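Structure data follow from structure-v2.cif (mmCIF, C-alpha atoms and all ligand atoms):
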data_start
#
loop_
_atom_site.label_atom_id
_atom_site.label_comp_id
_atom_site.auth_asym_id
_atom_site.auth_seq_id
_atom_site.Cartn_x
_atom_site.Cartn_y
_atom_site.Cartn_z
CA MET F 13 -13.33 36.65 -5.00
CA ASN F 14 -11.55 36.47 -1.66
CA LYS F 15 -12.85 33.29 -0.05
CA VAL F 16 -11.01 29.99 -0.32
CA ILE F 17 -12.82 27.77 -2.79
CA PRO F 18 -12.99 24.02 -2.20
CA VAL F 19 -11.94 21.78 -5.06
CA THR F 20 -13.22 18.22 -5.48
CA ILE F 21 -11.52 15.89 -7.92
CA LEU F 22 -13.52 13.05 -9.46
CA THR F 23 -11.41 10.23 -10.80
CA GLY F 24 -12.07 6.74 -12.03
CA TYR F 25 -11.38 4.48 -14.92
CA LEU F 26 -13.12 4.79 -18.27
CA GLY F 27 -16.86 4.35 -17.96
CA ALA F 28 -16.86 3.88 -14.18
CA GLY F 29 -19.55 6.53 -13.63
CA LYS F 30 -17.78 9.88 -13.17
CA THR F 31 -20.20 11.83 -15.32
CA THR F 32 -23.12 10.14 -13.61
CA LEU F 33 -21.74 11.26 -10.25
CA LEU F 34 -21.06 14.76 -11.52
CA ASN F 35 -24.66 15.12 -12.59
CA ASN F 36 -25.87 13.75 -9.25
CA LEU F 37 -23.78 16.27 -7.35
CA ILE F 38 -25.01 19.20 -9.42
CA GLU F 39 -28.59 18.04 -9.00
CA LYS F 40 -28.27 17.42 -5.27
CA HIS F 41 -26.47 20.65 -4.36
CA GLN F 42 -28.71 23.23 -5.96
CA ASP F 43 -27.48 25.75 -3.40
CA LYS F 44 -23.94 25.66 -4.76
CA ASN F 45 -22.52 27.52 -7.70
CA PHE F 46 -20.20 24.97 -9.20
CA ALA F 47 -17.45 25.55 -11.66
CA VAL F 48 -17.13 22.23 -13.46
CA VAL F 49 -13.89 21.46 -15.25
CA GLU F 50 -14.04 18.58 -17.66
CA ASN F 51 -11.66 16.91 -19.99
CA GLU F 52 -13.91 17.33 -22.92
CA PHE F 53 -16.91 19.43 -23.06
CA GLY F 54 -19.81 17.27 -24.08
CA ASP F 55 -18.95 14.47 -21.67
CA ILE F 56 -21.51 15.82 -19.34
CA SER F 57 -25.12 15.40 -20.26
CA ILE F 58 -26.30 18.80 -19.14
CA ASP F 59 -26.55 20.36 -22.58
CA ASP F 60 -30.23 21.05 -22.22
CA LYS F 61 -29.52 23.33 -19.31
CA LEU F 62 -27.02 25.46 -21.23
CA VAL F 63 -28.06 29.00 -21.64
CA ASN F 64 -25.15 30.61 -23.33
CA ARG F 65 -21.60 30.08 -24.39
CA SER F 66 -19.31 32.87 -23.31
CA SER F 67 -16.37 34.00 -25.35
CA GLU F 68 -13.80 32.66 -22.89
CA GLY F 69 -15.05 29.13 -23.44
CA ILE F 70 -16.89 29.02 -20.15
CA TYR F 71 -20.44 27.73 -20.40
CA GLU F 72 -22.99 29.19 -18.11
CA LEU F 73 -25.81 26.93 -16.97
CA SER F 74 -29.26 28.01 -15.99
CA ASN F 75 -28.76 26.80 -12.42
CA GLY F 76 -25.88 29.22 -11.87
CA CYS F 77 -23.11 26.69 -12.48
CA VAL F 78 -20.38 27.19 -15.04
CA CYS F 79 -18.61 24.53 -17.01
CA CYS F 80 -15.41 24.59 -18.99
CA SER F 81 -13.21 22.16 -20.74
CA LEU F 82 -9.74 21.11 -19.71
CA ASN F 83 -8.46 21.91 -23.16
CA THR F 84 -5.22 23.45 -21.94
CA GLU F 85 -3.29 22.94 -18.72
CA LEU F 86 -5.40 22.90 -15.59
CA GLY F 87 -3.52 25.93 -14.24
CA ASN F 88 -4.61 27.99 -17.25
CA VAL F 89 -8.19 26.81 -16.92
CA LEU F 90 -8.34 27.71 -13.23
CA ASN F 91 -6.83 31.14 -13.93
CA LYS F 92 -9.35 31.68 -16.67
CA LEU F 93 -12.16 30.89 -14.25
CA LEU F 94 -10.73 33.20 -11.61
CA VAL F 95 -10.51 36.21 -13.89
CA SER F 96 -13.90 35.55 -15.46
CA LYS F 97 -17.01 37.42 -14.40
CA HIS F 98 -18.46 34.20 -13.05
CA ASP F 99 -18.99 33.67 -9.37
CA PHE F 100 -18.56 30.13 -8.09
CA ASP F 101 -18.10 28.57 -4.69
CA HIS F 102 -16.95 25.02 -5.43
CA VAL F 103 -14.85 23.52 -8.23
CA LEU F 104 -15.52 20.01 -9.50
CA ILE F 105 -12.81 18.58 -11.72
CA GLU F 106 -13.66 15.46 -13.68
CA ALA F 107 -10.31 13.89 -14.37
CA THR F 108 -9.91 11.85 -17.50
CA GLY F 109 -10.48 8.14 -17.37
CA VAL F 110 -6.77 7.47 -17.36
CA ALA F 111 -5.52 10.47 -15.39
CA ASP F 112 -3.20 10.36 -12.44
CA PRO F 113 -5.07 12.52 -9.92
CA SER F 114 -1.90 13.41 -8.04
CA LYS F 115 -0.90 15.86 -10.77
CA ILE F 116 -4.14 17.75 -10.29
CA ALA F 117 -4.00 17.58 -6.52
CA SER F 118 -0.42 18.76 -6.36
CA LEU F 119 -1.21 21.83 -8.46
CA ILE F 120 -3.81 22.86 -5.88
CA LEU F 121 -1.68 21.94 -2.91
CA GLN F 122 1.66 23.35 -4.04
CA ASP F 123 1.17 26.28 -6.37
CA LEU F 124 1.56 29.38 -4.21
CA HIS F 125 -1.04 31.37 -6.09
CA PHE F 126 -3.62 28.58 -6.11
CA GLN F 127 -2.94 27.71 -2.48
CA SER F 128 -4.34 31.06 -1.44
CA VAL F 129 -7.47 30.75 -3.59
CA PHE F 130 -8.32 27.05 -3.54
CA ARG F 131 -8.26 24.23 -1.04
CA LEU F 132 -8.31 20.59 -1.98
CA ASP F 133 -11.53 19.32 -0.48
CA GLY F 134 -11.40 15.70 -1.54
CA VAL F 135 -10.63 13.14 -4.18
CA ILE F 136 -13.52 10.84 -5.06
CA CYS F 137 -12.76 7.77 -7.12
CA LEU F 138 -15.37 5.84 -9.09
CA VAL F 139 -14.66 2.15 -9.38
CA ASP F 140 -16.55 -0.01 -11.82
CA GLY F 141 -17.71 -3.03 -9.82
CA VAL F 142 -18.00 -5.07 -13.01
CA ASN F 143 -14.51 -4.80 -14.45
CA PHE F 144 -12.31 -3.48 -11.65
CA PHE F 145 -9.85 -6.35 -11.77
CA GLN F 146 -9.45 -6.29 -15.57
CA ALA F 147 -8.78 -2.54 -15.42
CA LEU F 148 -6.27 -3.02 -12.60
CA GLU F 149 -4.26 -5.41 -14.69
CA LYS F 150 -3.91 -3.00 -17.59
CA ASP F 151 -1.67 -0.47 -15.84
CA ASP F 152 -0.94 1.34 -12.60
CA VAL F 153 -3.39 4.14 -13.15
CA LEU F 154 -6.37 2.64 -11.42
CA ALA F 155 -4.32 1.63 -8.38
CA ARG F 156 -3.01 5.19 -8.19
CA GLN F 157 -6.52 6.60 -8.45
CA VAL F 158 -7.63 4.36 -5.58
CA ALA F 159 -4.52 5.27 -3.59
CA TYR F 160 -5.29 8.99 -3.75
CA ALA F 161 -8.99 8.73 -3.02
CA ASP F 162 -10.61 10.01 0.14
CA VAL F 163 -13.77 8.19 -0.87
CA VAL F 164 -14.18 5.32 -3.34
CA LEU F 165 -17.61 4.72 -4.82
CA LEU F 166 -17.76 1.07 -5.76
CA ASN F 167 -20.29 1.58 -8.49
CA LYS F 168 -22.54 -0.60 -10.68
CA ILE F 169 -23.49 -2.90 -7.82
CA ASP F 170 -26.63 -3.79 -9.77
CA ALA F 171 -24.49 -5.39 -12.47
CA SER F 172 -21.95 -7.19 -10.28
CA ASP F 173 -22.41 -10.13 -7.90
CA SER F 174 -21.81 -9.89 -4.17
CA GLU F 175 -18.70 -12.08 -4.17
CA GLU F 176 -17.08 -9.91 -6.84
CA LEU F 177 -17.99 -6.77 -4.91
CA LYS F 178 -16.51 -8.19 -1.73
CA ASN F 179 -13.25 -8.92 -3.57
CA CYS F 180 -13.23 -5.41 -5.04
CA GLU F 181 -13.77 -3.84 -1.64
CA GLU F 182 -10.98 -5.89 -0.06
CA ARG F 183 -8.61 -4.97 -2.82
CA ILE F 184 -9.48 -1.27 -2.59
CA LEU F 185 -8.94 -1.24 1.16
CA SER F 186 -5.70 -3.13 0.96
CA THR F 187 -4.45 -0.60 -1.58
CA ASN F 188 -5.65 2.36 0.44
CA PRO F 189 -6.62 1.59 4.04
CA PHE F 190 -7.67 5.14 4.81
CA THR F 191 -10.21 5.51 2.10
CA LYS F 192 -13.92 5.09 2.65
CA VAL F 193 -15.61 2.59 0.33
CA VAL F 194 -19.28 3.07 -0.47
CA LYS F 195 -21.19 0.65 -2.71
CA THR F 196 -23.41 2.51 -5.16
CA LYS F 197 -25.81 2.11 -8.02
CA ASN F 198 -25.69 4.99 -10.50
CA ALA F 199 -23.18 6.65 -8.16
CA GLU F 200 -25.95 7.50 -5.71
CA THR F 201 -25.15 7.79 -2.03
CA ASP F 202 -26.36 9.68 1.02
CA LEU F 203 -22.81 10.03 2.25
CA PRO F 204 -21.67 13.65 2.02
CA LEU F 205 -19.09 13.89 -0.76
CA LEU F 206 -18.50 17.63 -0.69
CA ASP F 207 -16.94 19.67 2.09
CA ILE F 208 -15.42 16.49 3.45
CA LYS F 209 -12.04 17.97 4.30
CA SER F 210 -13.14 18.44 7.87
CA SER F 211 -13.68 14.71 8.26
CA GLY F 212 -9.91 14.71 8.49
CA ILE F 213 -6.84 12.71 8.06
CA GLU F 214 -6.72 12.06 11.73
CA LYS F 215 -9.92 10.07 11.82
CA SER F 216 -8.87 8.00 8.86
CA LEU F 217 -5.45 7.34 10.34
CA ASN F 218 -6.97 6.25 13.60
CA SER F 219 -8.86 3.53 11.84
CA VAL F 220 -5.75 2.14 10.21
CA VAL F 221 -4.23 -0.90 11.83
CA THR F 222 -0.60 -0.21 12.67
CA GLY F 223 1.82 -2.04 10.44
CA SER F 224 -0.84 -3.30 8.08
CA SER F 225 0.17 -4.21 4.58
CA SER F 226 -1.54 -5.45 1.51
CA LYS F 227 -0.95 -8.89 0.06
CA LYS F 228 0.39 -9.83 -3.32
CA HIS F 229 0.08 -6.79 -5.51
CA PRO F 230 2.64 -4.16 -6.35
CA VAL F 231 0.91 -1.14 -4.85
CA LYS F 232 1.15 -1.51 -1.10
CA SER F 233 0.33 0.53 1.91
CA TYR F 234 2.12 0.51 5.23
CA SER F 235 1.17 2.32 8.37
CA PHE F 236 3.30 3.19 11.37
CA GLU F 237 2.87 4.64 14.81
CA PHE F 238 5.56 6.14 17.04
CA ASP F 239 5.04 7.25 20.64
CA LYS F 240 8.24 9.29 20.93
CA PRO F 241 8.41 12.81 19.46
CA PHE F 242 10.26 13.44 16.21
CA ASP F 243 13.28 15.63 15.64
CA PRO F 244 11.89 18.17 13.15
CA GLN F 245 15.10 18.62 11.14
CA LYS F 246 15.77 14.91 10.79
CA LEU F 247 12.18 14.19 9.84
CA GLN F 248 12.15 17.02 7.30
CA MET F 249 15.25 15.56 5.66
CA TRP F 250 13.78 12.07 5.58
CA LEU F 251 10.51 13.32 4.11
CA SER F 252 12.25 15.47 1.48
CA PHE F 253 14.33 12.57 0.36
CA ASN F 254 11.68 9.89 0.39
CA LEU F 255 8.71 11.89 -0.80
CA GLN F 256 10.33 14.37 -3.18
CA MET F 257 13.25 12.51 -4.68
CA ASP F 258 12.22 8.90 -4.55
CA ASN F 259 9.27 8.06 -6.76
CA ARG F 260 8.21 4.90 -4.98
CA ILE F 261 5.96 6.53 -2.40
CA PHE F 262 3.11 8.16 -4.23
CA ARG F 263 0.79 8.96 -1.38
CA ALA F 264 1.40 9.67 2.28
CA LYS F 265 -0.62 11.03 5.13
CA GLY F 266 0.37 11.52 8.70
CA ILE F 267 -0.05 13.12 12.08
CA ILE F 268 3.27 14.23 13.52
CA TYR F 269 4.15 14.62 17.17
CA LEU F 270 6.95 17.10 17.98
CA SER F 271 7.80 17.99 21.56
CA GLU F 272 8.20 21.67 20.57
CA THR F 273 4.55 22.30 19.74
CA SER F 274 1.29 21.82 21.57
CA ASN F 275 -0.43 21.14 18.23
CA LYS F 276 -0.45 18.13 15.98
CA LEU F 277 1.13 18.59 12.60
CA VAL F 278 -0.66 17.13 9.61
CA LEU F 279 1.33 15.69 6.72
CA GLN F 280 -0.21 15.39 3.25
CA SER F 281 1.73 14.19 0.28
CA VAL F 282 0.78 13.64 -3.31
CA ALA F 283 3.17 12.77 -6.09
CA ASN F 284 6.51 14.40 -5.27
CA ASP F 285 5.19 17.17 -3.11
CA TYR F 286 4.28 17.31 0.51
CA ILE F 287 2.92 19.87 2.91
CA ILE F 288 2.80 20.00 6.69
CA ASP F 289 0.00 22.00 8.28
CA LYS F 290 -0.76 22.86 11.87
CA GLY F 291 -3.49 20.59 13.21
CA ASP F 292 -5.57 20.61 16.40
CA GLU F 293 -4.08 20.88 19.87
CA TRP F 294 -3.20 17.58 21.48
CA GLY F 295 -5.16 18.39 24.63
CA ASN F 296 -5.45 15.33 26.83
CA GLU F 297 -5.03 12.89 23.97
CA LYS F 298 -2.16 10.42 24.05
CA LYS F 299 0.57 11.89 21.84
CA SER F 300 1.88 9.77 19.01
CA SER F 301 2.78 10.13 15.35
CA LYS F 302 0.94 8.10 12.74
CA PHE F 303 1.80 7.67 9.09
CA VAL F 304 0.46 5.79 6.13
CA PHE F 305 2.55 5.40 2.99
CA ILE F 306 1.18 4.02 -0.25
CA GLY F 307 3.43 3.16 -3.14
CA LYS F 308 5.13 0.63 -5.28
CA ASP F 309 8.05 -1.62 -4.30
CA LEU F 310 8.12 -0.29 -0.77
CA ASP F 311 10.11 -2.01 1.95
CA ARG F 312 8.36 -1.76 5.27
CA ASN F 313 11.47 -2.28 7.38
CA ILE F 314 13.47 0.36 5.55
CA ILE F 315 10.72 2.92 6.03
CA TYR F 316 10.33 1.97 9.68
CA GLU F 317 14.04 2.22 10.39
CA GLY F 318 14.33 5.48 8.46
CA LEU F 319 11.59 7.04 10.54
CA GLU F 320 12.85 5.58 13.78
CA ASN F 321 16.19 7.30 13.16
CA CYS F 322 14.37 10.63 13.06
CA LEU F 323 12.97 10.31 16.59
CA ASN F 324 14.29 12.58 19.32
N1 LIG J 1 -25.60 -0.78 -14.66
C1 LIG J 1 -25.09 0.38 -14.26
N2 LIG J 1 -24.69 1.29 -15.15
C2 LIG J 1 -24.20 2.46 -14.71
C3 LIG J 1 -24.10 2.76 -13.33
N3 LIG J 1 -23.55 3.98 -13.19
C4 LIG J 1 -23.33 4.45 -14.44
N4 LIG J 1 -23.72 3.53 -15.37
C5 LIG J 1 -23.65 3.64 -16.82
O1 LIG J 1 -22.29 3.44 -17.22
C6 LIG J 1 -22.00 4.22 -18.37
C7 LIG J 1 -20.77 5.09 -18.11
O2 LIG J 1 -21.09 6.03 -17.12
P1 LIG J 1 -20.44 7.48 -17.08
O3 LIG J 1 -21.00 8.20 -15.92
O4 LIG J 1 -20.53 8.14 -18.40
O5 LIG J 1 -18.92 7.06 -16.83
P2 LIG J 1 -17.61 7.96 -16.95
O6 LIG J 1 -16.68 7.46 -15.92
O7 LIG J 1 -17.95 9.40 -16.93
O8 LIG J 1 -17.13 7.57 -18.41
P3 LIG J 1 -15.90 8.21 -19.24
O9 LIG J 1 -16.08 9.70 -19.18
O10 LIG J 1 -16.09 7.63 -20.60
O11 LIG J 1 -14.65 7.73 -18.61
C8 LIG J 1 -23.25 5.03 -18.67
O12 LIG J 1 -23.99 4.35 -19.66
C9 LIG J 1 -24.00 5.02 -17.35
O13 LIG J 1 -25.39 5.15 -17.50
C10 LIG J 1 -24.55 1.76 -12.39
O14 LIG J 1 -24.47 1.90 -11.16
N5 LIG J 1 -25.02 0.59 -12.92
#

Render the structure in this file as C-alpha cells.
Amino acid sequence: MNKVIPVTILTGYLGAGKTTLLNNLIEKHQDKNFAVVENEFGDISIDDKLVNRSSEGIYELSNGCVCCSLNTELGNVLNKLLVSKHDFDHVLIEATGVADPSKIASLILQDLHFQSVFRLDGVICLVDGVNFFQALEKDDVLARQVAYADVVLLNKIDASDSEELKNCEERILSTNPFTKVVKTKNAETDLPLLDIKSSGIEKSLNSVVTGSSSKKHPVKSYSFEFDKPFDPQKLQMWLSFNLQMDNRIFRAKGIIYLSETSNKLVLQSVANDYIIDKGDEWGNEKKSSKFVFIGKDLDRNIIYEGLENCLN
C-alpha cells in the first residue's frame, strides 16, 4: 500500500450517536473500502454483514470493509491493519465515549511512520442535543471533544426543543469557533464528512472574529491576527514552550506569515504536539497571520503579548 490513507476520527459522549453515524457513513460511501477501528467490537450493528473472522482479529465485511477492535494501543491496531492482506482506502476510528481525541490525532500527526502512511482527514464530534449541558458538567472530556472537532453534529434534534438546541449551538461555537455545527436527526446530513481536509484551516480561520472569546466557562478560545511577519526562530520558541510544555492550550490552528517565504505556513496543534506545513502561495492576498487557541485558564493578553514579541 503506497498511497496516503485518510483517517477520520468520530468522537462524542456516551450515546450521542457515533455508531449511528458510522453506519450511515458505511452505507453512504459504498465506493470506499473502510477499515473501521472500534473500541469494542460489537458496538457496531453490522453483524449481519460479517462474512468471516480472520485470525488477526480483523473482521471482513461483505461490502469490502474491514473492522477491528481497539483492544490494544491504536498504534498496534493500525500496524496490524497495514501488514494484513486487507486493502482499504479510508480509516474510521470510533473513539470511546469518554476518549480525548487529541491522543488519537497526535499519533497520526506525529508518529514518523504513520505520518507517511496516514493523513488526519477530520475529527467529527457527535453531540447529544438532549443532554449536552449535563454531560459538559461532568468533566472536561466533552469540551475537549468539541474543541478538537472539525465538524460537530448536534444530534437528536427530534428529541430536543429549539431553545435548547440554540443554547447548545452557541456553547459549541464559543468553545470552538472554527468548527462547523450541523443539526441532525439520526446523525444524517448531506454535508460531506469525509475527505474534508481540503476545506482547510484557512477558511475556518477566516470566519473567526479576531479577538473573540467565550463567556463564563473554563474552556475558552481566543483568536488573533497580526499583519507584520513573524521571526521564525522566535515564533518556534514560543510555540514549543506554549504548545509542548504548557498544558493549558489543547488545540491551536493558524496561518503564519513569514517574510522569507512566498507561501503561507499552516500550524496544527493537538495535545502537546504541533506541526507546521507549507500552505498555498500568498498570491495577491493581503498577508497576515491568524491563530486560534483553545484551552483552559488561558489569558488572552499574555498570549497576545507573547506572540507580538515574536514579530519581526
Ligand atoms: N431520538 C433520537 N435517537 C437517536 C438519534 N441518533 C441516535 N439515536 C439513538 O441513540 C442511541 C445511541 O446511539 P449510538 O449511535 O449507539 O450512540 P454511540 O455514541 O455510539 O453510543 P456509545 O457507543 O454507547 O457511546 C441509539 O438508541 C440510537 O438509535 C437521534 O437523532 N434521535

Using 7 Å as the limit and counting all atoms listed in the file, can you tabulate each residue of chain F that touches ligand LIG 1 (chain J), with its shortest atom-to-atom distance in Å and the two atoms involved, as CSV?
residue,atom,partner,partner_atom,distance
F:Gly24,CA,J:LIG1,O6,6.1
F:Tyr25,CA,J:LIG1,O11,5.9
F:Leu26,CA,J:LIG1,O11,3.3
F:Gly27,CA,J:LIG1,O8,3.3
F:Ala28,CA,J:LIG1,O6,4.0
F:Gly29,CA,J:LIG1,O3,3.2
F:Lys30,CA,J:LIG1,O7,3.8
F:Thr31,CA,J:LIG1,O7,3.7
F:Thr32,CA,J:LIG1,O3,3.7
F:Leu33,CA,J:LIG1,O3,6.5
F:Asp55,CA,J:LIG1,O9,6.1
F:Thr108,CA,J:LIG1,O11,6.4
F:Gly109,CA,J:LIG1,O11,4.4
F:Asn167,CA,J:LIG1,O14,5.0
F:Lys168,CA,J:LIG1,O14,3.2
F:Ile169,CA,J:LIG1,O14,5.9
F:Asp170,CA,J:LIG1,N5,5.6
F:Ala171,CA,J:LIG1,N1,5.2
F:Thr196,CA,J:LIG1,O14,6.1
F:Lys197,CA,J:LIG1,O14,3.4
F:Asn198,CA,J:LIG1,O14,3.4
F:Ala199,CA,J:LIG1,N3,5.7

In Å to one decimal, how far is atom CA of Val129 of chain F from atom CA of Ile105 of chain F?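 Interatomic distance, atom CA of Ile105 of chain F to atom CA of Val129 of chain F: 15.6 Å.
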
Just want the 12 Å neighbourhood of Asp243 of chain F, counted on only C-alpha atoms, with same-chain residues fewer than 3 positions away dropped. Output as a PyMOL selection string. chain F and resi 240+246-250+268-273+301+319-324

Produce the centre coordinates and the three edge lengths, each in Å to one decimal, of the box along x, y and z that contains all listed atoms of segment 304-316 of chain F with 4 Å added on each side, as lines of an AutoDock Vina configuration file.
center_x = 7.0
center_y = 1.8
center_z = 2.2
size_x = 21.0
size_y = 16.1
size_z = 23.0

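Using only C-alpha atoms, the nearest neighbour of Val304 of chain F within the list F:Ala117, F:Val193, F:Ile288, F:Ala264 is F:Ala264.
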
What is the distance, in Å and to one decimal place, between atom CA of Glu50 of chain F and atom CA of Val89 of chain F?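 Going from atom CA of Glu50 of chain F over to atom CA of Val89 of chain F covers 10.1 Å.
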
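Atom CA of Ser274 of chain F is found 29.4 Å from atom CA of His125 of chain F.
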
Using all atoms listed in the file, find the one residue out of F:Leu206, F:Met257, F:Val142, F:Ala155 that sits nearest to Phe46 of chain F.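 Nearest candidate to Phe46 of chain F out of F:Leu206, F:Met257, F:Val142, F:Ala155: F:Leu206.
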
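Comparing F:Cys180, F:Ser300, F:Leu310, F:Thr84 by their smallest distance to Ala147 of chain F, the closest is F:Cys180 (using all atoms listed in the file).
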
Measuring between all atoms listed in the file, which one of F:Leu121, F:Lys195, F:Gly295, F:Gly87 shows the shortest distance to Leu279 of chain F?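 When distances to Leu279 of chain F are compared using all atoms listed in the file, the smallest one comes from F:Leu121.
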
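Shell of Arg263 of chain F at 10 Å, with only C-alpha atoms counted and residues fewer than 4 places along the chain excluded, is Ser114, Arg156, Ala159, Tyr160, Ala161, Asn188, Ser233, Leu255, Gln280, Ser281, Val282, Ala283, Asn284, Asp285, Tyr286, Val304, Phe305, Ile306 and Gly307 of chain F.
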
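Here the question is which of F:Ile184, F:Ile120, F:Leu251, F:Ile287 gets nearest to Asp140 of chain F using only C-alpha atoms, and that residue is F:Ile184.
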
Taking all atoms listed in the file into account, name the residue in F:Leu132, F:Leu22, F:Leu203, F:Val139 that is nearest to Glu181 of chain F.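 So, comparing all the options, the nearest one is F:Val139.
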
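All residues that come within 9 Å of the coordinates (-7.6, 23.5, -5.4), counting only C-alpha atoms, are given as Val16, Ile17, Pro18, Val19, Thr20, Ile21, Leu90, Val103, Ile116, Ala117, Ser118, Leu119, Ile120, Leu121, Phe126, Gln127, Val129, Phe130, Arg131, Leu132 and Asp133 of chain F.
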
List the spatial neighbours of Thr191 of chain F as a compact mmCIF listing (two decimals) with C-alpha atoms, keeping the file's coordinate frame - criterion: any atom at most 7 Å away, only C-alpha atoms, same-chain residues fewer than 6 positions off excluded.
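In the end it all went to selection_15.txt:
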# COMPACT_ATOMS: atom_id res chain seq x y z
CA ALA F 161 -8.99 8.73 -3.02
CA ASP F 162 -10.61 10.01 0.14
CA VAL F 163 -13.77 8.19 -0.87
CA VAL F 164 -14.18 5.32 -3.34
CA LEU F 185 -8.94 -1.24 1.16

Is it possible to dump segment 100-123 of chain F as a short mmCIF file (atom, residue, chain, number, x, y, z; two decimals), in the first residue's frame, including just N, CA and C atoms?
data_model
loop_
_atom_site.label_atom_id
_atom_site.label_comp_id
_atom_site.auth_asym_id
_atom_site.auth_seq_id
_atom_site.Cartn_x
_atom_site.Cartn_y
_atom_site.Cartn_z
N PHE F 100 -7.55 -1.22 2.06
CA PHE F 100 -8.55 -0.24 2.50
C PHE F 100 -8.08 1.14 2.10
N ASP F 101 -9.04 2.05 1.91
CA ASP F 101 -8.64 3.37 1.44
C ASP F 101 -9.10 4.50 2.36
N HIS F 102 -9.70 4.15 3.49
CA HIS F 102 -10.09 5.19 4.45
C HIS F 102 -10.22 4.51 5.83
N VAL F 103 -9.71 5.15 6.86
CA VAL F 103 -9.84 4.58 8.20
C VAL F 103 -10.83 5.42 8.99
N LEU F 104 -11.80 4.73 9.61
CA LEU F 104 -12.74 5.41 10.51
C LEU F 104 -12.45 4.90 11.92
N ILE F 105 -12.16 5.81 12.82
CA ILE F 105 -11.90 5.38 14.20
C ILE F 105 -13.02 5.89 15.08
N GLU F 106 -13.74 4.98 15.69
CA GLU F 106 -14.79 5.41 16.62
C GLU F 106 -14.15 5.45 18.00
N ALA F 107 -13.97 6.67 18.49
CA ALA F 107 -13.30 6.81 19.78
C ALA F 107 -14.31 6.59 20.89
N THR F 108 -13.85 6.04 21.98
CA THR F 108 -14.75 5.73 23.07
C THR F 108 -15.49 6.96 23.58
N GLY F 109 -16.62 6.69 24.18
CA GLY F 109 -17.47 7.77 24.66
C GLY F 109 -16.79 8.77 25.58
N VAL F 110 -15.72 8.36 26.19
CA VAL F 110 -15.05 9.31 27.09
C VAL F 110 -13.60 9.57 26.65
N ALA F 111 -13.31 9.32 25.38
CA ALA F 111 -11.92 9.48 24.94
C ALA F 111 -11.55 10.92 24.64
N ASP F 112 -10.29 11.22 24.86
CA ASP F 112 -9.75 12.50 24.45
C ASP F 112 -9.19 12.30 23.03
N PRO F 113 -9.84 12.89 22.02
CA PRO F 113 -9.44 12.60 20.65
C PRO F 113 -8.03 13.08 20.31
N SER F 114 -7.49 13.98 21.11
CA SER F 114 -6.17 14.51 20.76
C SER F 114 -5.10 13.42 20.78
N LYS F 115 -5.29 12.44 21.65
CA LYS F 115 -4.30 11.35 21.75
C LYS F 115 -4.26 10.58 20.43
N ILE F 116 -5.44 10.36 19.87
CA ILE F 116 -5.53 9.62 18.61
C ILE F 116 -4.96 10.48 17.49
N ALA F 117 -5.39 11.74 17.47
CA ALA F 117 -4.95 12.63 16.40
C ALA F 117 -3.44 12.81 16.44
N SER F 118 -2.87 12.91 17.64
CA SER F 118 -1.44 13.19 17.68
C SER F 118 -0.63 11.97 17.23
N LEU F 119 -1.16 10.79 17.41
CA LEU F 119 -0.46 9.59 16.91
C LEU F 119 -0.35 9.66 15.38
N ILE F 120 -1.43 10.08 14.75
CA ILE F 120 -1.42 10.16 13.28
C ILE F 120 -0.54 11.31 12.80
N LEU F 121 -0.62 12.42 13.54
CA LEU F 121 0.11 13.61 13.08
C LEU F 121 1.60 13.52 13.38
N GLN F 122 1.98 12.88 14.46
CA GLN F 122 3.37 12.97 14.92
C GLN F 122 4.22 11.75 14.69
N ASP F 123 3.64 10.57 14.70
CA ASP F 123 4.45 9.38 14.55
C ASP F 123 5.04 9.34 13.14
#
